[in-house]
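Peer 1: I'm passing along work_20.cif; it holds mmCIF, C-alpha atoms and all ligand atoms.
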data_start
loop_
_atom_site.label_atom_id
_atom_site.label_comp_id
_atom_site.auth_asym_id
_atom_site.auth_seq_id
_atom_site.Cartn_x
_atom_site.Cartn_y
_atom_site.Cartn_z
CA VAL A 9 -6.94 -2.66 39.58
CA ALA A 10 -7.80 -3.65 36.00
CA LYS A 11 -11.08 -2.37 34.61
CA GLY A 12 -12.43 -5.85 34.17
CA ALA A 13 -11.53 -6.92 37.68
CA GLY A 14 -14.92 -5.87 38.95
CA LYS A 15 -16.27 -4.04 41.94
CA GLY A 16 -16.07 -6.97 44.29
CA GLN A 17 -12.33 -7.26 44.06
CA TRP A 18 -11.87 -3.55 44.59
CA ARG A 19 -14.02 -3.66 47.72
CA ARG A 20 -12.07 -6.58 49.05
CA TYR A 21 -8.86 -4.66 48.44
CA GLN A 22 -10.22 -1.67 50.35
CA ALA A 23 -11.37 -3.87 53.20
CA ASP A 24 -7.92 -5.42 53.50
CA LEU A 25 -6.38 -1.98 53.54
CA HIS A 26 -8.74 -0.89 56.28
CA LEU A 27 -7.92 -3.97 58.31
CA ALA A 28 -4.20 -3.35 57.95
CA VAL A 29 -4.59 0.21 59.25
CA LEU A 30 -6.74 -0.93 62.14
CA ASN A 31 -4.26 -3.61 63.09
CA ARG A 32 -1.45 -1.14 63.05
CA LEU A 33 -3.31 1.23 65.37
CA GLU A 34 -4.24 -1.62 67.68
CA LEU A 35 -0.70 -2.87 67.63
CA ARG A 36 0.57 0.57 68.50
CA ALA A 37 -1.84 0.89 71.43
CA ALA A 38 -0.94 -2.56 72.72
CA LEU A 39 2.75 -1.79 72.36
CA ASP A 40 2.24 1.46 74.27
CA GLN A 41 0.75 -0.56 77.11
CA ALA A 42 3.52 -3.16 76.90
CA VAL A 43 6.08 -0.40 77.45
CA VAL A 44 4.19 0.77 80.54
CA ASP A 45 3.86 -2.78 81.87
CA GLY A 46 7.36 -3.85 80.87
CA ASP A 47 6.13 -6.88 78.92
CA PHE A 48 9.44 -7.65 77.23
CA THR A 49 12.14 -10.22 77.63
CA LEU A 50 15.54 -10.84 76.07
CA ARG A 51 16.83 -13.95 74.35
CA TYR A 52 20.56 -14.50 73.93
CA GLN A 53 22.01 -16.20 70.90
CA PRO A 54 25.60 -17.46 71.15
CA ILE A 55 28.25 -16.14 68.75
CA VAL A 56 31.01 -18.74 68.59
CA GLU A 57 34.53 -19.34 67.33
CA LEU A 58 33.92 -21.40 64.19
CA GLU A 59 37.00 -23.52 64.75
CA THR A 60 36.41 -24.57 68.35
CA GLY A 61 32.80 -23.71 69.05
CA ALA A 62 33.98 -21.68 72.04
CA PRO A 63 31.70 -18.80 73.09
CA ALA A 64 32.79 -15.35 71.88
CA GLY A 65 29.64 -13.35 72.60
CA PHE A 66 25.86 -13.28 72.78
CA GLU A 67 23.44 -11.25 70.69
CA ALA A 68 20.56 -9.89 72.76
CA LEU A 69 17.24 -10.29 70.90
CA ILE A 70 14.03 -8.78 72.18
CA ARG A 71 10.69 -10.63 72.53
CA TRP A 72 7.35 -9.15 73.47
CA THR A 73 5.61 -11.32 76.04
CA HIS A 74 1.99 -10.88 75.00
CA ARG A 75 -0.71 -12.06 77.40
CA SER A 76 -2.72 -14.05 74.88
CA ARG A 77 -0.40 -14.41 71.89
CA GLY A 78 2.71 -15.49 73.77
CA LEU A 79 6.18 -14.49 72.64
CA ILE A 80 6.03 -12.08 69.71
CA PRO A 81 9.20 -11.81 67.60
CA PRO A 82 10.69 -8.36 66.86
CA GLY A 83 9.88 -8.69 63.15
CA ASP A 84 6.21 -8.18 64.12
CA PHE A 85 6.59 -4.98 66.11
CA ILE A 86 9.96 -3.22 65.70
CA GLU A 87 8.77 -1.33 62.62
CA VAL A 88 5.74 0.05 64.46
CA ALA A 89 7.95 0.84 67.44
CA GLU A 90 10.26 2.83 65.19
CA GLU A 91 7.44 4.73 63.46
CA SER A 92 5.77 5.65 66.72
CA GLY A 93 8.93 6.56 68.59
CA LEU A 94 8.27 3.80 71.14
CA ILE A 95 11.62 2.34 70.08
CA VAL A 96 13.29 4.93 72.33
CA PRO A 97 11.87 3.65 75.66
CA ILE A 98 12.03 0.06 74.37
CA GLY A 99 15.66 0.55 73.37
CA THR A 100 16.43 1.99 76.79
CA TRP A 101 14.92 -1.08 78.39
CA VAL A 102 16.93 -3.42 76.13
CA MET A 103 20.19 -1.58 76.78
CA HIS A 104 19.70 -1.55 80.54
CA ASN A 105 18.75 -5.22 80.82
CA ALA A 106 21.29 -6.59 78.35
CA MET A 107 24.11 -4.81 80.20
CA ALA A 108 22.91 -5.92 83.61
CA GLN A 109 22.63 -9.56 82.51
CA ALA A 110 25.97 -9.52 80.67
CA ALA A 111 27.61 -8.08 83.78
CA GLN A 112 26.24 -11.09 85.63
CA TRP A 113 27.95 -13.66 83.37
CA HIS A 114 31.09 -11.51 83.53
CA ARG A 115 31.15 -11.77 87.32
CA ASP A 116 30.80 -15.57 87.08
CA TRP A 117 33.71 -15.89 84.69
CA ALA A 118 36.91 -17.37 86.14
CA ASP A 119 39.63 -16.44 83.65
CA GLY A 120 40.17 -15.47 80.03
CA THR A 121 37.89 -13.08 78.20
CA PRO A 122 34.20 -13.46 79.04
CA PRO A 123 31.72 -13.30 76.12
CA TYR A 124 30.64 -9.84 74.98
CA VAL A 125 27.04 -8.74 74.58
CA SER A 126 25.84 -7.47 71.21
CA VAL A 127 22.83 -5.14 71.34
CA ASN A 128 20.69 -4.13 68.35
CA VAL A 129 20.03 -0.40 68.19
CA SER A 130 17.86 1.40 65.68
CA VAL A 131 19.03 4.65 64.16
CA ARG A 132 16.02 6.49 65.56
CA GLN A 133 17.29 5.48 68.99
CA VAL A 134 20.89 6.58 68.33
CA ARG A 135 19.65 9.84 66.89
CA ASN A 136 17.76 10.59 70.08
CA ALA A 137 19.72 13.12 72.13
CA GLY A 138 21.11 11.43 75.19
CA PHE A 139 21.87 8.08 73.58
CA ALA A 140 25.62 8.24 74.26
CA GLU A 141 24.89 9.42 77.78
CA GLN A 142 22.54 6.47 78.25
CA VAL A 143 25.26 4.03 77.21
CA HIS A 144 27.73 5.64 79.61
CA ARG A 145 25.24 5.46 82.46
CA GLY A 146 24.37 1.86 81.66
CA LEU A 147 28.01 0.83 81.70
CA ALA A 148 28.63 2.61 84.99
CA ALA A 149 25.52 1.17 86.64
CA SER A 150 26.14 -2.41 85.50
CA GLY A 151 29.91 -2.43 85.88
CA LEU A 152 30.22 -3.97 82.41
CA PRO A 153 33.54 -3.01 80.77
CA PRO A 154 32.99 -0.92 77.57
CA GLY A 155 35.02 -3.51 75.63
CA ALA A 156 32.33 -6.10 76.37
CA LEU A 157 29.62 -4.12 74.58
CA VAL A 158 28.90 -4.22 70.85
CA LEU A 159 26.22 -2.01 69.28
CA GLU A 160 24.63 -3.48 66.13
CA ILE A 161 23.36 -1.04 63.52
CA THR A 162 21.75 -2.15 60.26
CA GLU A 163 23.69 -1.35 57.17
CA SER A 164 20.73 0.20 55.38
CA LEU A 165 20.20 2.64 58.22
CA LEU A 166 23.86 3.60 58.50
CA LEU A 167 23.82 4.48 54.84
CA ARG A 168 21.88 7.60 55.59
CA ASP A 169 24.15 10.57 55.83
CA ASP A 170 23.79 11.30 59.50
CA GLU A 171 26.69 13.28 60.94
CA GLN A 172 25.45 13.29 64.53
CA VAL A 173 24.91 9.54 64.64
CA TRP A 174 28.39 8.90 63.31
CA LYS A 175 29.90 11.34 65.81
CA ASP A 176 28.15 9.69 68.75
CA LEU A 177 29.26 6.25 67.61
CA ALA A 178 32.83 7.45 67.11
CA ALA A 179 32.87 8.90 70.64
CA LEU A 180 31.61 5.62 72.10
CA ARG A 181 34.28 3.72 70.19
CA GLU A 182 36.88 5.90 71.84
CA ILE A 183 35.99 4.46 75.23
CA GLY A 184 36.16 0.91 73.85
CA VAL A 185 32.56 0.16 72.85
CA ARG A 186 32.47 -1.62 69.49
CA VAL A 187 30.13 -1.03 66.57
CA ALA A 188 28.88 -3.76 64.26
CA ILE A 189 27.27 -3.33 60.86
CA ASP A 190 24.31 -5.72 60.92
CA ASP A 191 22.74 -7.49 57.93
CA PHE A 192 25.69 -6.57 55.72
CA GLY A 193 25.09 -7.08 52.03
CA THR A 194 21.45 -6.00 52.04
CA GLY A 195 21.97 -2.24 52.01
CA TYR A 196 23.75 -1.62 48.70
CA SER A 197 26.68 0.17 50.28
CA SER A 198 29.67 1.09 48.20
CA LEU A 199 33.17 -0.02 49.04
CA SER A 200 34.35 3.52 49.67
CA TYR A 201 31.52 3.94 52.16
CA LEU A 202 32.80 1.00 54.18
CA ARG A 203 36.16 2.68 54.54
CA HIS A 204 34.61 5.66 56.34
CA VAL A 205 32.10 3.93 58.56
CA PRO A 206 33.01 3.97 62.26
CA ALA A 207 32.75 0.20 62.73
CA ASP A 208 34.69 -2.73 64.17
CA VAL A 209 32.62 -5.72 63.19
CA LEU A 210 30.78 -6.73 60.03
CA LYS A 211 27.91 -9.21 60.24
CA ILE A 212 27.23 -10.94 56.94
CA ASP A 213 23.48 -11.20 56.38
CA ARG A 214 22.10 -14.69 56.64
CA SER A 215 20.61 -14.57 53.13
CA PHE A 216 24.18 -14.91 51.82
CA ILE A 217 25.05 -17.81 54.11
CA ASP A 218 21.75 -19.48 53.22
CA THR A 219 22.58 -19.83 49.53
CA MET A 220 26.32 -20.32 49.91
CA SER A 221 26.46 -24.11 49.81
CA THR A 222 24.35 -24.39 46.64
CA SER A 223 25.64 -21.43 44.64
CA GLU A 224 29.21 -21.00 43.45
CA GLN A 225 28.50 -17.33 42.84
CA GLN A 226 27.20 -16.72 46.35
CA ARG A 227 30.23 -18.51 47.74
CA ALA A 228 32.54 -16.20 45.78
CA LEU A 229 30.59 -13.22 47.08
CA VAL A 230 30.91 -14.26 50.73
CA ASP A 231 34.61 -14.92 50.17
CA ALA A 232 35.01 -11.40 48.72
CA ILE A 233 33.13 -9.83 51.65
CA VAL A 234 35.35 -11.63 54.18
CA ARG A 235 38.50 -10.47 52.39
CA LEU A 236 37.26 -6.93 52.07
CA ALA A 237 36.35 -6.79 55.76
CA HIS A 238 39.75 -8.10 56.79
CA THR A 239 41.51 -5.63 54.49
CA LEU A 240 39.62 -2.85 56.28
CA GLY A 241 40.51 -4.26 59.68
CA LEU A 242 36.97 -5.39 60.50
CA GLN A 243 36.11 -8.58 62.34
CA VAL A 244 33.56 -10.79 60.56
CA VAL A 245 30.58 -12.64 62.01
CA ALA A 246 28.56 -14.92 59.72
CA GLU A 247 24.83 -14.87 60.56
CA GLY A 248 22.44 -17.78 60.09
CA VAL A 249 24.95 -20.64 60.09
CA GLU A 250 22.68 -23.69 59.94
CA HIS A 251 24.67 -26.48 58.29
CA PRO A 252 28.03 -28.05 59.11
CA SER A 253 29.04 -27.43 55.47
CA ASP A 254 28.51 -23.65 55.93
CA ARG A 255 30.85 -23.75 58.86
CA VAL A 256 33.56 -25.57 56.89
CA LEU A 257 33.28 -23.17 53.95
CA LEU A 258 33.41 -20.10 56.20
CA GLN A 259 36.45 -21.38 58.06
CA ALA A 260 38.26 -21.99 54.76
CA MET A 261 37.54 -18.35 53.87
CA GLY A 262 39.15 -17.18 57.09
CA CYS A 263 35.91 -16.13 58.79
CA ARG A 264 36.47 -16.64 62.51
CA LEU A 265 33.07 -16.10 64.10
CA GLY A 266 29.60 -17.44 63.44
CA GLN A 267 26.08 -17.43 64.80
CA GLY A 268 23.16 -19.64 63.87
CA TYR A 269 20.96 -22.61 64.62
CA LEU A 270 23.91 -24.98 64.03
CA PHE A 271 25.33 -23.76 67.32
CA SER A 272 22.24 -22.61 69.18
CA LYS A 273 18.90 -20.86 68.87
CA PRO A 274 18.39 -17.72 70.94
CA LEU A 275 18.18 -18.80 74.63
CA SER A 276 16.51 -17.42 77.73
CA PHE A 277 18.97 -15.82 80.15
CA PRO A 278 19.12 -18.84 82.51
CA ASP A 279 19.58 -21.19 79.54
CA ALA A 280 22.35 -18.97 78.15
CA VAL A 281 24.13 -19.11 81.50
CA ALA A 282 23.76 -22.91 81.58
CA TRP A 283 25.03 -23.11 77.98
CA LEU A 284 28.09 -21.09 79.05
CA ARG A 285 28.77 -23.27 82.09
CA GLN A 286 29.00 -26.30 79.79
CA ARG A 287 31.53 -24.63 77.51
CA GLY A 288 33.30 -21.76 79.18
CA PRO A 289 36.32 -21.97 81.47
CA GLY A 290 33.95 -21.22 84.33
P1 LIG B 1 19.25 -9.50 63.50
O1 LIG B 1 19.86 -8.48 64.35
O2 LIG B 1 19.87 -9.74 62.16
O3 LIG B 1 19.20 -10.83 64.36
C1 LIG B 1 19.35 -12.13 63.85
C2 LIG B 1 18.01 -12.79 63.61
O4 LIG B 1 18.22 -14.03 62.93
C3 LIG B 1 17.28 -13.16 64.89
O5 LIG B 1 15.88 -13.07 64.65
C4 LIG B 1 17.68 -14.62 65.09
O6 LIG B 1 16.77 -15.37 65.90
C5 LIG B 1 17.68 -15.10 63.67
N1 LIG B 1 18.56 -16.26 63.48
C6 LIG B 1 19.70 -16.56 64.12
N2 LIG B 1 20.29 -17.66 63.65
C7 LIG B 1 19.48 -18.11 62.66
C8 LIG B 1 19.56 -19.25 61.77
O7 LIG B 1 20.47 -20.06 61.79
N3 LIG B 1 18.53 -19.37 60.86
C9 LIG B 1 17.51 -18.48 60.80
N4 LIG B 1 16.56 -18.68 59.89
N5 LIG B 1 17.42 -17.40 61.62
C10 LIG B 1 18.40 -17.22 62.53
P2 LIG B 1 14.90 -12.29 65.64
O8 LIG B 1 15.29 -12.54 67.06
O9 LIG B 1 13.51 -12.60 65.23
O10 LIG B 1 15.20 -10.77 65.34
C11 LIG B 1 14.88 -10.19 64.10
C12 LIG B 1 15.44 -8.79 63.98
O11 LIG B 1 14.80 -7.88 64.89
C13 LIG B 1 16.92 -8.69 64.33
O12 LIG B 1 17.70 -9.13 63.23
C14 LIG B 1 17.06 -7.22 64.63
O13 LIG B 1 17.22 -6.46 63.44
C15 LIG B 1 15.72 -6.88 65.25
N6 LIG B 1 15.86 -6.82 66.72
C16 LIG B 1 15.94 -7.84 67.61
N7 LIG B 1 16.07 -7.37 68.87
C17 LIG B 1 16.11 -6.03 68.79
C18 LIG B 1 16.25 -4.96 69.74
O14 LIG B 1 16.41 -5.16 70.96
N8 LIG B 1 16.23 -3.67 69.25
C19 LIG B 1 16.10 -3.41 67.89
N9 LIG B 1 16.10 -2.12 67.50
N10 LIG B 1 15.96 -4.38 66.98
C20 LIG B 1 15.97 -5.67 67.40
MG MG B 2 21.56 -8.02 65.01
MG MG B 3 19.16 -6.53 62.03
MG MG B 4 21.40 -9.43 61.13
#
Once more with this new file: its structure as structure tokens, please.
Ligand code: C2E
Ligand code: MG
Ligand code: MG
Ligand code: MG
Peer 2:
Amino acid sequence: VAKGAGKGQWRRYQADLHLAVLNRLELRAALDQAVVDGDFTLRYQPIVELETGAPAGFEALIRWTHRSRGLIPPGDFIEVAEESGLIVPIGTWVMHNAMAQAAQWHRDWADGTPPYVSVNVSVRQVRNAGFAEQVHRGLAASGLPPGALVLEITESLLLRDDEQVWKDLAALREIGVRVAIDDFGTGYSSLSYLRHVPADVLKIDRSFIDTMSTSEQQRALVDAIVRLAHTLGLQVVAEGVEHPSDRVLLQAMGCRLGQGYLFSKPLSFPDAVAWLRQRGPG
């Protein structure tokens, strides 16, 4: 604070700081209770074939069903959940429910490949001993085939040199579970790094897709990412596809899969099932 700024401004700054700390503690306590009460629900956002619009998968996205505030998006509580360790029981809940619900749409499916389920996992969760075991148990209990499960890990978190995490992910890949690098392009990874990462899918962060139709440079960047991914044998999913023009551009680049408001917002489980019935082979 500049010398001339005065005492009042400094006090206000301190008051804000105090409020932020209080809110964080309150949030943590409320989240603790939410875990006990099971006040969470999952939304499912379709991931589609850009060419046909056919369903390829669903990303499971958590919401906190707060008594007075309604549905709270993960951006408002995942960080606190990670700091406090509550992400471990929350992650367990997500994994269990996403697999059980995906197994349900798998049972309904007549023929062809039913859509996979893509589950976000935080590194703190993967680092917790017993993560791999939890995935195995979840698959066995739900009857979901391992090939129908994708685990999404943020690029920035994968960048940390974490031998055990990589080993666990590699072992899960051996049974057919796939790993996706989420928010790609935001984590400053090097090209050589990508070559060594145990991954199958690369999700291009929506900030790139956002600016693609107005910026030649961004377009070139997305094109380069798609090529690079394909060279490395990775499948590409474009996040945040909102405009028909994005879809056309991505298709021309050879990107096969997309996700975004153009196709659908995240849906409740019954709505996701209804969405599938309208499009799937049954
Ligand atoms: P993410 O994994 O990158 O998920 C995509 C986010 O983009 C979702 O936000 C989704 O609703 C939003 N989105 C999808 N299409 C569009 C679009 O066309 N335009 C715009 N503007 N946004 C779009 P959401 O559901 O709020 O989730 C935010 C983040 O929270 C996720 O980003 C993910 O990192 C994290 N998250 C969500 N669920 C879980 C979970 O179960 N566990 C963990 N550890 N993290 C989660
Ligand atoms: Mg994700
Ligand atoms: Mg993410
Ligand atoms: Mg993402």
Peer 1: What's around Trp113 in chain A at 8 Å? Count only C-alpha atoms, leave out sequence neighbours fewer than 3 positions away in its own chain, and write the answer as an MDAnalysis selection string.
Peer 2: chainID A and resid 109:110 116:117 122 281
Peer 1: Show me which residues are within 6 Å of ligand MG 4 (chain B) counting all atoms listed in the file, and format the list as an MDAnalysis selection string.
Peer 2: chainID A and resid 190:191 213
Peer 1: Name the closest residue to Val88 in chain A among the candidates A:Asp218, A:Glu247, A:Asp119, A:Glu34; distances are taken between atoms, counting all atoms listed in the file.
Peer 2: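 Closest candidate: A:Glu34.
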Peer 1: Nearest residue to Gly120 in chain A out of A:Ile233, A:Ala64, A:Met103, A:Cys263, using only C-alpha atoms?
Peer 2: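 Residue with the minimum atom-to-atom distance to Gly120 in chain A: A:Ala64.
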Peer 1: Which residues sit within 9 Å of ligand MG 3 (chain B), counting all atoms listed in the file, listed as a ChimeraX atom specification?
Peer 2: /A:128-130,160-163,189-191,213
Peer 1: Which value, in Å to one decimal, gives the distance between CA of Phe66 in chain A and CA of Leu210 in chain A?
Peer 2: 15.2 Å
Peer 1: So the first atom is CA of Ala178 in chain A and the second is CA of Pro154 in chain A; what is the distance between them in Å, to one decimal place?
Peer 2: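 These two atoms are separated by 13.4 Å.
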Peer 1: Counting only C-alpha atoms and all ligand atoms, what are the residues, protein, DNA or RNA alike, that approach ligand LIG 1 (chain B) to within 6 Å? I want them as an mmCIF file with C-alpha atoms, in the coordinates of the input.
Peer 2:
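As written to disk, result_33.cif reads:
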data_model
loop_
_atom_site.group_PDB
_atom_site.id
_atom_site.type_symbol
_atom_site.label_atom_id
_atom_site.label_comp_id
_atom_site.auth_asym_id
_atom_site.auth_seq_id
_atom_site.Cartn_x
_atom_site.Cartn_y
_atom_site.Cartn_z
ATOM 1 C CA LEU A 69 17.240 -10.290 70.900
ATOM 2 C CA ILE A 70 14.030 -8.780 72.180
ATOM 3 C CA PRO A 81 9.200 -11.810 67.600
ATOM 4 C CA PRO A 82 10.690 -8.360 66.860
ATOM 5 C CA GLY A 83 9.880 -8.690 63.150
ATOM 6 C CA GLY A 99 15.660 0.550 73.370
ATOM 7 C CA VAL A 102 16.930 -3.420 76.130
ATOM 8 C CA ASN A 128 20.690 -4.130 68.350
ATOM 9 C CA VAL A 129 20.030 -0.400 68.190
ATOM 10 C CA SER A 130 17.860 1.400 65.680
ATOM 11 C CA ASP A 191 22.740 -7.490 57.930
ATOM 12 C CA GLY A 248 22.440 -17.780 60.090
ATOM 13 C CA VAL A 249 24.950 -20.640 60.090
ATOM 14 C CA GLU A 250 22.680 -23.690 59.940
ATOM 15 C CA GLN A 267 26.080 -17.430 64.800
ATOM 16 C CA GLY A 268 23.160 -19.640 63.870
ATOM 17 C CA TYR A 269 20.960 -22.610 64.620
ATOM 18 C CA PRO A 274 18.390 -17.720 70.940
#
Peer 1: Could you give me, as a count of residues only, the residues within 9 Å of Gly184 in chain A, counting all atoms listed in the file and dropping anything in the same chain fewer than 5 positions from it?
Peer 2: 5
Peer 1: Which residue gives the smallest distance to Val96 in chain A among A:Ala149, A:Ala137, A:Leu275, A:Val209, with only C-alpha atoms counted?
Peer 2: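 With only C-alpha atoms as the atom set, the closest residue is A:Ala137.
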Peer 1: Give me the residues near Arg235 in chain A as JSON, numbers by chain, where near means some atom within 12 Å (using all atoms listed in the file) and where sequence neighbours in that chain fewer than 2 positions away do not count.
Peer 2: {"A": [210, 228, 229, 230, 231, 232, 233, 237, 238, 239, 240, 241, 242, 243, 244, 258, 260, 261, 262, 263]}
Peer 1: What separation in Å, quoted to one decimal, exists between CA of Arg32 in chain A and CA of Asp47 in chain A?
Peer 2: 18.5 Å
Peer 1: Between A:Gln259, A:Gln53, A:Gln41, A:Ser215, which is the closest to ligand MG 2 (chain B) once you count all atoms listed in the file?
Peer 2: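 Of the candidates, the smallest distance to ligand MG 2 (chain B) is held by A:Gln53.
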Peer 1: Using only the atoms of range 151-159 of chain A listed in the file, plus 4 Å on each side, state the axis-aligned box centre and edge lengths in Å rounded to one decimal, as JSON.
Peer 2:
{"center_x": 30.6, "center_y": -3.5, "center_z": 77.6, "size_x": 16.8, "size_y": 13.2, "size_z": 24.6}
Peer 1: Looking at A:Leu202, A:Val127, A:Leu152, A:Val134, which one is nearest to ligand MG 2 (chain B), with distances taken over all atoms listed in the file?
Peer 2: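 That would be A:Val127, the residue with the smallest distance to ligand MG 2 (chain B).
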Peer 1: Just write range 82-90 of chain A with all heavy atoms, as a compact mmCIF listing (two decimals), in the first residue's frame, taken from the block above.
Peer 2:
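Wrote out_36.txt, looks like this:
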# COMPACT_ATOMS: atom_id res chain seq x y z
N PRO A 82 -18.20 -26.53 -9.02
CA PRO A 82 -16.94 -27.00 -8.43
C PRO A 82 -15.88 -25.91 -8.31
O PRO A 82 -15.06 -25.97 -7.40
CB PRO A 82 -16.48 -28.10 -9.39
CG PRO A 82 -17.28 -27.93 -10.63
CD PRO A 82 -18.56 -27.27 -10.23
N GLY A 83 -15.95 -24.91 -9.20
CA GLY A 83 -14.98 -23.81 -9.13
C GLY A 83 -15.00 -23.11 -7.78
O GLY A 83 -14.01 -22.53 -7.34
N ASP A 84 -16.14 -23.19 -7.06
CA ASP A 84 -16.27 -22.52 -5.76
C ASP A 84 -15.82 -23.38 -4.57
O ASP A 84 -15.74 -22.87 -3.46
CB ASP A 84 -17.73 -22.11 -5.52
CG ASP A 84 -18.16 -20.97 -6.42
OD1 ASP A 84 -17.31 -20.47 -7.19
OD2 ASP A 84 -19.35 -20.60 -6.38
N PHE A 85 -15.56 -24.66 -4.79
CA PHE A 85 -15.20 -25.46 -3.60
C PHE A 85 -14.11 -26.52 -3.80
O PHE A 85 -13.59 -27.05 -2.82
CB PHE A 85 -16.46 -26.12 -3.00
CG PHE A 85 -17.10 -27.18 -3.85
CD1 PHE A 85 -16.69 -28.51 -3.76
CD2 PHE A 85 -18.12 -26.87 -4.73
CE1 PHE A 85 -17.29 -29.48 -4.54
CE2 PHE A 85 -18.72 -27.83 -5.52
CZ PHE A 85 -18.30 -29.16 -5.42
N ILE A 86 -13.75 -26.82 -5.05
CA ILE A 86 -12.76 -27.88 -5.27
C ILE A 86 -11.40 -27.53 -4.65
O ILE A 86 -10.73 -28.37 -4.06
CB ILE A 86 -12.61 -28.22 -6.78
CG1 ILE A 86 -13.83 -29.02 -7.28
CG2 ILE A 86 -11.33 -29.01 -7.06
CD1 ILE A 86 -13.95 -30.44 -6.76
N GLU A 87 -11.04 -26.24 -4.74
CA GLU A 87 -9.75 -25.82 -4.20
C GLU A 87 -9.69 -26.08 -2.69
O GLU A 87 -8.71 -26.62 -2.17
CB GLU A 87 -9.54 -24.35 -4.50
CG GLU A 87 -8.09 -23.97 -4.73
CD GLU A 87 -7.95 -22.47 -4.94
OE1 GLU A 87 -8.43 -22.01 -6.00
OE2 GLU A 87 -7.41 -21.81 -4.06
N VAL A 88 -10.75 -25.67 -2.00
CA VAL A 88 -10.82 -25.88 -0.55
C VAL A 88 -10.84 -27.38 -0.23
O VAL A 88 -10.22 -27.84 0.72
CB VAL A 88 -12.04 -25.15 0.06
CG1 VAL A 88 -12.28 -25.58 1.49
CG2 VAL A 88 -11.84 -23.65 -0.01
N ALA A 89 -11.54 -28.12 -1.07
CA ALA A 89 -11.59 -29.57 -0.87
C ALA A 89 -10.20 -30.19 -1.01
O ALA A 89 -9.84 -31.10 -0.25
CB ALA A 89 -12.56 -30.20 -1.88
N GLU A 90 -9.43 -29.67 -1.95
CA GLU A 90 -8.08 -30.20 -2.15
C GLU A 90 -7.17 -29.84 -0.98
O GLU A 90 -6.45 -30.69 -0.46
CB GLU A 90 -7.50 -29.68 -3.47
CG GLU A 90 -8.00 -30.50 -4.65
CD GLU A 90 -7.64 -29.91 -6.00
OE1 GLU A 90 -7.09 -28.79 -6.06
OE2 GLU A 90 -7.92 -30.59 -7.01
